[in-house]
Amino acid sequence: MEKFIIANWKSYINLDQAVSILDSIKNPNNLIIAPSSPHLSYLCKNYPKINFAAQNLSSLSSDYGAFTGEDVASTLKDLGIFFSIIGHSERRSSDLDNAASIKEKLRITSKERINPIFCIGESLDQRKSKQYKPAIEAELESLLPEIENHLENNLTFIIAYEPFWSIGTGLVPTQEEIKEMAEIIKTKVNFVDKKIFLVYGGSVNDDNAKEILAIDNIDGLLIGGASTDEKKLNSIIDLI
Ligand code: PGA
């Protein structure tokens with residue numbers, strides 16, 4: 001089974017640092033890099049062998065138009081970008097993304113043939129009160145038509161399971177907890193023989209990547225902080 005590494009650089013690094021990391025990468029297979037959007041144009045032009053993802057795309061329109069400050073799908077496709085993170089928890093928590101905008105973004109990615117990296121995960125309260133299973137199942141249930149549209153269009157649909165309480169905190173669920181959630185998610189989106197993959201994200205680093213990659217139903221990793229360190233990123237890439 002192929003495994004993916006997705007690097008989410010958020011707004012962590014400047015262009016020189018981004019260039020230095022990309023220069024160090026020897027094996028770009030099954031690697032997707034999501035730089036900050038002002039860097040995308042330069043990086044796409046200079047690193048044609050790397051798959052890039054947008055960290056977000058506009059829900060207002062898929063096409064060019066009067067949308068100040070938005071990155072519409074057409075401008076991403078101009079750069080040859082065919083992946084986009086959708087619904088990252090850092091956007092959900094500041095209400096830049098919500099159920100309605102996420103649904104609309106997934107409608108757009110399906111129509112525009114962009115492969116989504118759709119982030120989903122429970123809050124600490126949901127985990128402590130044992131509400132994580134129904135919460136995740138309900139959100140996936142509400143998006144099943146959108147997921148199915150991507151698969152029918154022969155797109156790759158990547159789900160990133162990212163417990164909110166684990167992102168950037170150094171707190172990582174146990175292997176059993178990740179395994180349980182991976183099974184819940186894969187059971188809910190049970191489209192046989194389709195291109196649907198599940199990656200784990202949340203405080204992944206070069207010390208824990210190997211054991212997380214080995215968990216049943218985990219097809220890869222979405223890495224934030226550690227992916228901005230070229231040594232750490234390369235040693236994780238070497239695992240796949
Ligand atoms: P982290 O971020 O690896 O720094 O926890 C993961 C993410 O935000 O996708």
# chains A, B, ... in the order shown; residues from 1 in each chain; ligands from 1

call {"tool": "residues_near_ligand", "arguments": {"ligand": "ligand 1", "cutoff": "10 Å", "atoms": "only C-alpha atoms and all ligand atoms", "output": "PDB file with C-alpha atoms, in the first residue's frame"}}
result
ATOM      1  CA  ILE A   6       1.927  15.793   3.435  1.00  0.00           C
ATOM      2  CA  ALA A   7       3.844  18.787   4.783  1.00  0.00           C
ATOM      3  CA  ASN A   8       1.711  21.684   6.000  1.00  0.00           C
ATOM      4  CA  TRP A   9       4.037  24.656   6.318  1.00  0.00           C
ATOM      5  CA  LYS A  10       1.228  26.947   7.563  1.00  0.00           C
ATOM      6  CA  GLN A  55      -3.667  25.328   2.359  1.00  0.00           C
ATOM      7  CA  ILE A  85      -6.268  21.238   2.315  1.00  0.00           C
ATOM      8  CA  HIS A  88      -8.018  22.538   8.788  1.00  0.00           C
ATOM      9  CA  SER A  89      -8.747  22.888  12.509  1.00  0.00           C
ATOM     10  CA  GLU A  90      -6.804  26.159  12.722  1.00  0.00           C
ATOM     11  CA  CYS A 119      -9.177  17.507   7.808  1.00  0.00           C
ATOM     12  CA  ALA A 160      -6.603  13.720   7.436  1.00  0.00           C
ATOM     13  CA  TYR A 161      -7.583  12.548  10.896  1.00  0.00           C
ATOM     14  CA  GLU A 162      -6.251  15.308  13.137  1.00  0.00           C
ATOM     15  CA  PRO A 163      -7.463  15.415  16.748  1.00  0.00           C
ATOM     16  CA  PHE A 164      -7.666  19.165  17.473  1.00  0.00           C
ATOM     17  CA  TRP A 165      -5.985  18.697  20.837  1.00  0.00           C
ATOM     18  CA  SER A 166      -2.958  17.112  19.235  1.00  0.00           C
ATOM     19  CA  ILE A 167      -2.114  19.769  16.656  1.00  0.00           C
ATOM     20  CA  GLY A 168       1.023  21.676  17.552  1.00  0.00           C
ATOM     21  CA  THR A 169       0.797  20.581  21.195  1.00  0.00           C
ATOM     22  CA  GLY A 170       3.199  17.644  21.345  1.00  0.00           C
ATOM     23  CA  LEU A 171       0.288  15.497  22.579  1.00  0.00           C
ATOM     24  CA  VAL A 172      -0.208  12.389  20.472  1.00  0.00           C
ATOM     25  CA  TYR A 200      -2.909  10.973  10.521  1.00  0.00           C
ATOM     26  CA  GLY A 201      -1.860  14.483  11.631  1.00  0.00           C
ATOM     27  CA  GLY A 202      -1.071  16.032  15.009  1.00  0.00           C
ATOM     28  CA  SER A 203       2.394  16.398  16.569  1.00  0.00           C
ATOM     29  CA  VAL A 204       4.020  13.927  14.186  1.00  0.00           C
ATOM     30  CA  ASN A 205       7.809  14.065  14.296  1.00  0.00           C
ATOM     31  CA  LEU A 221       0.990  11.520   7.670  1.00  0.00           C
ATOM     32  CA  LEU A 222       0.102  15.206   7.649  1.00  0.00           C
ATOM     33  CA  ILE A 223       2.929  17.024   9.357  1.00  0.00           C
ATOM     34  CA  GLY A 224       3.036  20.644  10.494  1.00  0.00           C
ATOM     35  CA  GLY A 225       5.889  21.904  12.670  1.00  0.00           C
ATOM     36  CA  ALA A 226       8.324  19.026  12.073  1.00  0.00           C
ATOM     37  CA  SER A 227       7.967  19.390   8.301  1.00  0.00           C
ATOM     38  CA  THR A 228       9.673  22.784   8.444  1.00  0.00           C
TER      39      THR A 228
END

call {"tool": "closest_residue", "arguments": {"among": "A:Glu177, A:Asp125, A:Asp23, A:Glu112", "to": "Asn149 in chain A", "atoms": "only C-alpha atoms"}}
result
A:Glu112

call {"tool": "closest_atom_pairs", "arguments": {"of": "range 86-168 of chain A", "to": "range 60-71 of chain A", "cutoff": "12 Å", "atoms": "only C-alpha atoms", "output": "JSON lines"}}
result
{"residue": "A:Ala100", "atom": "CA", "partner": "A:Leu60", "partner_atom": "CA", "distance": 11.4}
{"residue": "A:Ser101", "atom": "CA", "partner": "A:Leu60", "partner_atom": "CA", "distance": 8.6}
{"residue": "A:Ile102", "atom": "CA", "partner": "A:Leu60", "partner_atom": "CA", "distance": 11.2}
{"residue": "A:Lys103", "atom": "CA", "partner": "A:Leu60", "partner_atom": "CA", "distance": 11.8}
{"residue": "A:Glu104", "atom": "CA", "partner": "A:Leu60", "partner_atom": "CA", "distance": 8.4}
{"residue": "A:Lys105", "atom": "CA", "partner": "A:Leu60", "partner_atom": "CA", "distance": 8.6}
{"residue": "A:Leu106", "atom": "CA", "partner": "A:Ser62", "partner_atom": "CA", "distance": 10.9}
{"residue": "A:Arg107", "atom": "CA", "partner": "A:Ser62", "partner_atom": "CA", "distance": 9.6}
{"residue": "A:Ile108", "atom": "CA", "partner": "A:Ser62", "partner_atom": "CA", "distance": 6.1}
{"residue": "A:Thr109", "atom": "CA", "partner": "A:Ser62", "partner_atom": "CA", "distance": 8.4}
{"residue": "A:Ser110", "atom": "CA", "partner": "A:Ser62", "partner_atom": "CA", "distance": 10.7}
{"residue": "A:Lys111", "atom": "CA", "partner": "A:Ser62", "partner_atom": "CA", "distance": 8.7}
{"residue": "A:Glu112", "atom": "CA", "partner": "A:Ser62", "partner_atom": "CA", "distance": 7.4}
{"residue": "A:Arg113", "atom": "CA", "partner": "A:Ser62", "partner_atom": "CA", "distance": 11.0}
{"residue": "A:Ile114", "atom": "CA", "partner": "A:Ser62", "partner_atom": "CA", "distance": 10.8}

call {"tool": "write_last_selection", "arguments": {"atoms": "N, CA and C atoms", "output": "short mmCIF file (atom, residue, chain, number, x, y, z; two decimals), in the first residue's frame"}}
result
data_model
loop_
_atom_site.label_atom_id
_atom_site.label_comp_id
_atom_site.auth_asym_id
_atom_site.auth_seq_id
_atom_site.Cartn_x
_atom_site.Cartn_y
_atom_site.Cartn_z
N ALA A 100 -20.80 24.83 6.50
CA ALA A 100 -21.31 25.27 5.19
C ALA A 100 -20.17 25.56 4.22
N SER A 101 -19.13 26.24 4.69
CA SER A 101 -18.03 26.58 3.76
C SER A 101 -17.28 25.32 3.34
N ILE A 102 -17.15 24.38 4.27
CA ILE A 102 -16.44 23.14 3.94
C ILE A 102 -17.21 22.36 2.86
N LYS A 103 -18.52 22.30 3.03
CA LYS A 103 -19.35 21.60 2.03
C LYS A 103 -19.19 22.26 0.65
N GLU A 104 -19.22 23.59 0.67
CA GLU A 104 -19.10 24.31 -0.60
C GLU A 104 -17.71 24.11 -1.22
N LYS A 105 -16.68 24.13 -0.38
CA LYS A 105 -15.33 23.92 -0.91
C LYS A 105 -15.20 22.52 -1.52
N LEU A 106 -15.84 21.55 -0.89
CA LEU A 106 -15.77 20.19 -1.44
C LEU A 106 -16.60 20.07 -2.73
N ARG A 107 -17.63 20.87 -2.84
CA ARG A 107 -18.37 20.89 -4.11
C ARG A 107 -17.46 21.44 -5.21
N ILE A 108 -16.71 22.49 -4.84
CA ILE A 108 -15.81 23.13 -5.82
C ILE A 108 -14.66 22.19 -6.20
N THR A 109 -14.04 21.54 -5.21
CA THR A 109 -12.90 20.67 -5.56
C THR A 109 -13.35 19.54 -6.48
N SER A 110 -14.53 19.02 -6.24
CA SER A 110 -15.02 17.94 -7.10
C SER A 110 -15.24 18.45 -8.53
N LYS A 111 -15.88 19.60 -8.62
CA LYS A 111 -16.18 20.17 -9.95
C LYS A 111 -14.90 20.58 -10.67
N GLU A 112 -13.96 21.13 -9.95
CA GLU A 112 -12.73 21.65 -10.57
C GLU A 112 -11.60 20.62 -10.65
N ARG A 113 -11.88 19.40 -10.24
CA ARG A 113 -10.91 18.32 -10.29
C ARG A 113 -9.66 18.63 -9.47
N ILE A 114 -9.89 19.08 -8.26
CA ILE A 114 -8.81 19.27 -7.29
C ILE A 114 -8.99 18.20 -6.22
#

call {"tool": "residues_around", "arguments": {"residues": "Asn190 in chain A", "least_positions_apart": "6", "cutoff": "12 Å", "atoms": "only C-alpha atoms", "output": "list in words"}}
result
Leu140, Glu141, Leu144, Ile147, Glu148, Leu151, Ala182, Glu183, Ile184, Ile196, Phe197, Leu198 and Asn217 of chain A

call {"tool": "select_by_dssp", "arguments": {"residues": "range 118-224 of chain A", "states": "alpha helix (DSSP H)", "output": "count of residues only"}}
result
45

call {"tool": "closest_residue", "arguments": {"among": "A:Leu96, A:Gln131, A:Asn30, A:Glu230", "to": "Ser59 in chain A", "atoms": "only C-alpha atoms"}}
result
A:Leu96

call {"tool": "closest_residue", "arguments": {"among": "A:Pro38, A:Pro116, A:Pro134, A:Pro48", "to": "Leu22 in chain A", "atoms": "only C-alpha atoms"}}
result
A:Pro48

call {"tool": "residues_around", "arguments": {"residues": "Ile21 in chain A", "least_positions_apart": "2", "cutoff": "12 Å", "atoms": "only C-alpha atoms", "output": "list in words"}}
result
Ala7, Trp9, Ile13, Asn14, Leu15, Asp16, Gln17, Ala18, Val19, Asp23, Ser24, Ile25, Lys26, Pro28, Ile33, Pro35, Leu43, Tyr47, Ile50, Ala226, Ser227, Thr228, Asp229, Glu230, Lys231, Lys232, Leu233 and Asn234 of chain A

call {"tool": "residues_around", "arguments": {"residues": "Ile215 in chain A", "least_positions_apart": "4", "cutoff": "10 Å", "atoms": "only C-alpha atoms", "output": "JSON, numbers by chain"}}
result
{"A": [175, 176, 178, 179, 180, 182, 200, 210, 211, 219, 220]}

call {"tool": "select_by_dssp", "arguments": {"residues": "range 50-129 of chain A", "states": "strand (DSSP E or B)", "output": "NGL selection string"}}
result
:A and (51-52 or 54 or 83-86 or 115-120)

call {"tool": "write_last_selection", "arguments": {"atoms": "N, CA and C atoms", "output": "short mmCIF file (atom, residue, chain, number, x, y, z; two decimals), in the first residue's frame"}}
result
data_model
loop_
_atom_site.label_atom_id
_atom_site.label_comp_id
_atom_site.auth_asym_id
_atom_site.auth_seq_id
_atom_site.Cartn_x
_atom_site.Cartn_y
_atom_site.Cartn_z
N ASN A 51 4.81 17.84 -5.84
CA ASN A 51 3.36 18.08 -5.80
C ASN A 51 3.07 19.11 -4.71
N PHE A 52 2.44 20.19 -5.11
CA PHE A 52 2.09 21.21 -4.12
C PHE A 52 0.59 21.19 -3.86
N ALA A 54 -2.58 23.70 -2.02
CA ALA A 54 -2.96 24.95 -1.36
C ALA A 54 -3.37 24.61 0.08
N PHE A 83 -4.13 19.83 -5.49
CA PHE A 83 -4.47 19.39 -4.14
C PHE A 83 -4.80 20.64 -3.32
N SER A 84 -5.73 20.49 -2.39
CA SER A 84 -5.97 21.58 -1.43
C SER A 84 -6.39 21.01 -0.08
N ILE A 85 -5.78 21.54 0.97
CA ILE A 85 -6.27 21.24 2.31
C ILE A 85 -7.64 21.91 2.46
N ILE A 86 -8.56 21.20 3.06
CA ILE A 86 -9.91 21.75 3.30
C ILE A 86 -10.27 21.52 4.77
N ASN A 115 -7.89 17.54 -5.85
CA ASN A 115 -7.96 16.46 -4.85
C ASN A 115 -7.92 17.06 -3.44
N PRO A 116 -8.96 16.86 -2.65
CA PRO A 116 -8.96 17.47 -1.32
C PRO A 116 -8.15 16.68 -0.29
N ILE A 117 -7.58 17.43 0.63
CA ILE A 117 -6.99 16.83 1.84
C ILE A 117 -7.88 17.36 2.95
N PHE A 118 -8.91 16.57 3.24
CA PHE A 118 -9.98 17.04 4.11
C PHE A 118 -9.65 16.69 5.57
N CYS A 119 -9.59 17.72 6.41
CA CYS A 119 -9.18 17.51 7.81
C CYS A 119 -10.39 17.35 8.72
N ILE A 120 -10.30 16.37 9.57
CA ILE A 120 -11.39 16.12 10.51
C ILE A 120 -10.80 15.59 11.81
#

call {"tool": "closest_residue", "arguments": {"among": "A:Ile212, A:Ile81, A:Leu124, A:Ile218", "to": "Ile159 in chain A", "atoms": "only C-alpha atoms"}}
result
A:Ile218

call {"tool": "decode", "arguments": {"residues": "range 100-143 of chain A", "atoms": "N, CA and C atoms", "output": "PDB file, in the first residue's frame"}}
result
ATOM      1  N   ALA A 100     -20.798  24.829   6.501  1.00  0.00           N
ATOM      2  CA  ALA A 100     -21.310  25.270   5.194  1.00  0.00           C
ATOM      3  C   ALA A 100     -20.166  25.555   4.217  1.00  0.00           C
ATOM      4  N   SER A 101     -19.130  26.240   4.693  1.00  0.00           N
ATOM      5  CA  SER A 101     -18.032  26.581   3.759  1.00  0.00           C
ATOM      6  C   SER A 101     -17.279  25.325   3.343  1.00  0.00           C
ATOM      7  N   ILE A 102     -17.154  24.379   4.268  1.00  0.00           N
ATOM      8  CA  ILE A 102     -16.440  23.137   3.936  1.00  0.00           C
ATOM      9  C   ILE A 102     -17.210  22.357   2.864  1.00  0.00           C
ATOM     10  N   LYS A 103     -18.515  22.298   3.027  1.00  0.00           N
ATOM     11  CA  LYS A 103     -19.349  21.597   2.028  1.00  0.00           C
ATOM     12  C   LYS A 103     -19.192  22.261   0.651  1.00  0.00           C
ATOM     13  N   GLU A 104     -19.217  23.585   0.669  1.00  0.00           N
ATOM     14  CA  GLU A 104     -19.098  24.311  -0.603  1.00  0.00           C
ATOM     15  C   GLU A 104     -17.706  24.107  -1.217  1.00  0.00           C
ATOM     16  N   LYS A 105     -16.684  24.132  -0.384  1.00  0.00           N
ATOM     17  CA  LYS A 105     -15.325  23.916  -0.910  1.00  0.00           C
ATOM     18  C   LYS A 105     -15.203  22.517  -1.522  1.00  0.00           C
ATOM     19  N   LEU A 106     -15.840  21.547  -0.892  1.00  0.00           N
ATOM     20  CA  LEU A 106     -15.771  20.185  -1.444  1.00  0.00           C
ATOM     21  C   LEU A 106     -16.599  20.067  -2.729  1.00  0.00           C
ATOM     22  N   ARG A 107     -17.632  20.871  -2.838  1.00  0.00           N
ATOM     23  CA  ARG A 107     -18.373  20.890  -4.108  1.00  0.00           C
ATOM     24  C   ARG A 107     -17.458  21.445  -5.213  1.00  0.00           C
ATOM     25  N   ILE A 108     -16.709  22.494  -4.840  1.00  0.00           N
ATOM     26  CA  ILE A 108     -15.813  23.126  -5.821  1.00  0.00           C
ATOM     27  C   ILE A 108     -14.659  22.191  -6.203  1.00  0.00           C
ATOM     28  N   THR A 109     -14.039  21.541  -5.211  1.00  0.00           N
ATOM     29  CA  THR A 109     -12.897  20.671  -5.559  1.00  0.00           C
ATOM     30  C   THR A 109     -13.353  19.542  -6.482  1.00  0.00           C
ATOM     31  N   SER A 110     -14.534  19.021  -6.236  1.00  0.00           N
ATOM     32  CA  SER A 110     -15.020  17.941  -7.098  1.00  0.00           C
ATOM     33  C   SER A 110     -15.239  18.451  -8.527  1.00  0.00           C
ATOM     34  N   LYS A 111     -15.880  19.603  -8.623  1.00  0.00           N
ATOM     35  CA  LYS A 111     -16.180  20.174  -9.946  1.00  0.00           C
ATOM     36  C   LYS A 111     -14.897  20.575 -10.675  1.00  0.00           C
ATOM     37  N   GLU A 112     -13.956  21.130  -9.950  1.00  0.00           N
ATOM     38  CA  GLU A 112     -12.726  21.652 -10.574  1.00  0.00           C
ATOM     39  C   GLU A 112     -11.602  20.619 -10.647  1.00  0.00           C
ATOM     40  N   ARG A 113     -11.884  19.405 -10.242  1.00  0.00           N
ATOM     41  CA  ARG A 113     -10.915  18.317 -10.290  1.00  0.00           C
ATOM     42  C   ARG A 113      -9.656  18.627  -9.467  1.00  0.00           C
ATOM     43  N   ILE A 114      -9.892  19.081  -8.255  1.00  0.00           N
ATOM     44  CA  ILE A 114      -8.806  19.269  -7.286  1.00  0.00           C
ATOM     45  C   ILE A 114      -8.985  18.199  -6.216  1.00  0.00           C
ATOM     46  N   ASN A 115      -7.891  17.545  -5.846  1.00  0.00           N
ATOM     47  CA  ASN A 115      -7.962  16.462  -4.847  1.00  0.00           C
ATOM     48  C   ASN A 115      -7.920  17.064  -3.442  1.00  0.00           C
ATOM     49  N   PRO A 116      -8.962  16.855  -2.649  1.00  0.00           N
ATOM     50  CA  PRO A 116      -8.962  17.471  -1.318  1.00  0.00           C
ATOM     51  C   PRO A 116      -8.147  16.684  -0.292  1.00  0.00           C
ATOM     52  N   ILE A 117      -7.580  17.425   0.629  1.00  0.00           N
ATOM     53  CA  ILE A 117      -6.989  16.834   1.838  1.00  0.00           C
ATOM     54  C   ILE A 117      -7.885  17.361   2.954  1.00  0.00           C
ATOM     55  N   PHE A 118      -8.905  16.574   3.235  1.00  0.00           N
ATOM     56  CA  PHE A 118      -9.983  17.037   4.110  1.00  0.00           C
ATOM     57  C   PHE A 118      -9.655  16.692   5.566  1.00  0.00           C
ATOM     58  N   CYS A 119      -9.590  17.724   6.411  1.00  0.00           N
ATOM     59  CA  CYS A 119      -9.177  17.507   7.808  1.00  0.00           C
ATOM     60  C   CYS A 119     -10.392  17.349   8.716  1.00  0.00           C
ATOM     61  N   ILE A 120     -10.302  16.367   9.569  1.00  0.00           N
ATOM     62  CA  ILE A 120     -11.392  16.122  10.510  1.00  0.00           C
ATOM     63  C   ILE A 120     -10.796  15.589  11.812  1.00  0.00           C
ATOM     64  N   GLY A 121     -11.384  15.986  12.934  1.00  0.00           N
ATOM     65  CA  GLY A 121     -10.866  15.484  14.207  1.00  0.00           C
ATOM     66  C   GLY A 121     -11.719  15.997  15.347  1.00  0.00           C
ATOM     67  N   GLU A 122     -11.573  15.358  16.489  1.00  0.00           N
ATOM     68  CA  GLU A 122     -12.403  15.729  17.627  1.00  0.00           C
ATOM     69  C   GLU A 122     -11.683  16.732  18.530  1.00  0.00           C
ATOM     70  N   SER A 123     -12.473  17.485  19.281  1.00  0.00           N
ATOM     71  CA  SER A 123     -11.917  18.390  20.288  1.00  0.00           C
ATOM     72  C   SER A 123     -11.556  17.582  21.535  1.00  0.00           C
ATOM     73  N   LEU A 124     -10.860  18.221  22.455  1.00  0.00           N
ATOM     74  CA  LEU A 124     -10.498  17.530  23.699  1.00  0.00           C
ATOM     75  C   LEU A 124     -11.757  17.202  24.504  1.00  0.00           C
ATOM     76  N   ASP A 125     -12.718  18.130  24.512  1.00  0.00           N
ATOM     77  CA  ASP A 125     -13.977  17.874  25.240  1.00  0.00           C
ATOM     78  C   ASP A 125     -14.692  16.653  24.674  1.00  0.00           C
ATOM     79  N   GLN A 126     -14.744  16.580  23.346  1.00  0.00           N
ATOM     80  CA  GLN A 126     -15.407  15.421  22.719  1.00  0.00           C
ATOM     81  C   GLN A 126     -14.673  14.130  23.056  1.00  0.00           C
ATOM     82  N   ARG A 127     -13.355  14.203  23.126  1.00  0.00           N
ATOM     83  CA  ARG A 127     -12.589  12.990  23.478  1.00  0.00           C
ATOM     84  C   ARG A 127     -12.867  12.611  24.935  1.00  0.00           C
ATOM     85  N   LYS A 128     -12.808  13.622  25.837  1.00  0.00           N
ATOM     86  CA  LYS A 128     -12.982  13.313  27.263  1.00  0.00           C
ATOM     87  C   LYS A 128     -14.385  12.813  27.566  1.00  0.00           C
ATOM     88  N   SER A 129     -15.380  13.381  26.859  1.00  0.00           N
ATOM     89  CA  SER A 129     -16.759  12.978  27.150  1.00  0.00           C
ATOM     90  C   SER A 129     -17.193  11.792  26.282  1.00  0.00           C
ATOM     91  N   LYS A 130     -16.216  11.203  25.595  1.00  0.00           N
ATOM     92  CA  LYS A 130     -16.449  10.014  24.757  1.00  0.00           C
ATOM     93  C   LYS A 130     -17.462  10.297  23.634  1.00  0.00           C
ATOM     94  N   GLN A 131     -17.479  11.555  23.194  1.00  0.00           N
ATOM     95  CA  GLN A 131     -18.388  11.918  22.093  1.00  0.00           C
ATOM     96  C   GLN A 131     -17.669  11.917  20.744  1.00  0.00           C
ATOM     97  N   TYR A 132     -16.407  11.478  20.739  1.00  0.00           N
ATOM     98  CA  TYR A 132     -15.638  11.611  19.493  1.00  0.00           C
ATOM     99  C   TYR A 132     -16.188  10.763  18.360  1.00  0.00           C
ATOM    100  N   LYS A 133     -16.668   9.576  18.698  1.00  0.00           N
ATOM    101  CA  LYS A 133     -17.139   8.689  17.629  1.00  0.00           C
ATOM    102  C   LYS A 133     -18.383   9.263  16.926  1.00  0.00           C
ATOM    103  N   PRO A 134     -19.461   9.595  17.695  1.00  0.00           N
ATOM    104  CA  PRO A 134     -20.621  10.151  16.989  1.00  0.00           C
ATOM    105  C   PRO A 134     -20.320  11.474  16.285  1.00  0.00           C
ATOM    106  N   ALA A 135     -19.418  12.281  16.857  1.00  0.00           N
ATOM    107  CA  ALA A 135     -19.123  13.583  16.235  1.00  0.00           C
ATOM    108  C   ALA A 135     -18.474  13.387  14.866  1.00  0.00           C
ATOM    109  N   ILE A 136     -17.500  12.513  14.816  1.00  0.00           N
ATOM    110  CA  ILE A 136     -16.791  12.292  13.544  1.00  0.00           C
ATOM    111  C   ILE A 136     -17.720  11.590  12.547  1.00  0.00           C
ATOM    112  N   GLU A 137     -18.476  10.619  13.038  1.00  0.00           N
ATOM    113  CA  GLU A 137     -19.382   9.901  12.127  1.00  0.00           C
ATOM    114  C   GLU A 137     -20.436  10.843  11.544  1.00  0.00           C
ATOM    115  N   ALA A 138     -20.947  11.742  12.385  1.00  0.00           N
ATOM    116  CA  ALA A 138     -21.998  12.657  11.897  1.00  0.00           C
ATOM    117  C   ALA A 138     -21.430  13.601  10.840  1.00  0.00           C
ATOM    118  N   GLU A 139     -20.219  14.097  11.067  1.00  0.00           N
ATOM    119  CA  GLU A 139     -19.656  15.012  10.059  1.00  0.00           C
ATOM    120  C   GLU A 139     -19.395  14.277   8.749  1.00  0.00           C
ATOM    121  N   LEU A 140     -18.849  13.082   8.847  1.00  0.00           N
ATOM    122  CA  LEU A 140     -18.588  12.315   7.614  1.00  0.00           C
ATOM    123  C   LEU A 140     -19.898  11.983   6.904  1.00  0.00           C
ATOM    124  N   GLU A 141     -20.900  11.608   7.686  1.00  0.00           N
ATOM    125  CA  GLU A 141     -22.211  11.269   7.097  1.00  0.00           C
ATOM    126  C   GLU A 141     -22.733  12.452   6.276  1.00  0.00           C
ATOM    127  N   SER A 142     -22.591  13.659   6.843  1.00  0.00           N
ATOM    128  CA  SER A 142     -23.133  14.837   6.155  1.00  0.00           C
ATOM    129  C   SER A 142     -22.364  15.135   4.863  1.00  0.00           C
ATOM    130  N   LEU A 143     -21.168  14.593   4.746  1.00  0.00           N
ATOM    131  CA  LEU A 143     -20.351  14.893   3.562  1.00  0.00           C
ATOM    132  C   LEU A 143     -20.228  13.705   2.593  1.00  0.00           C
TER     133      LEU A 143
END
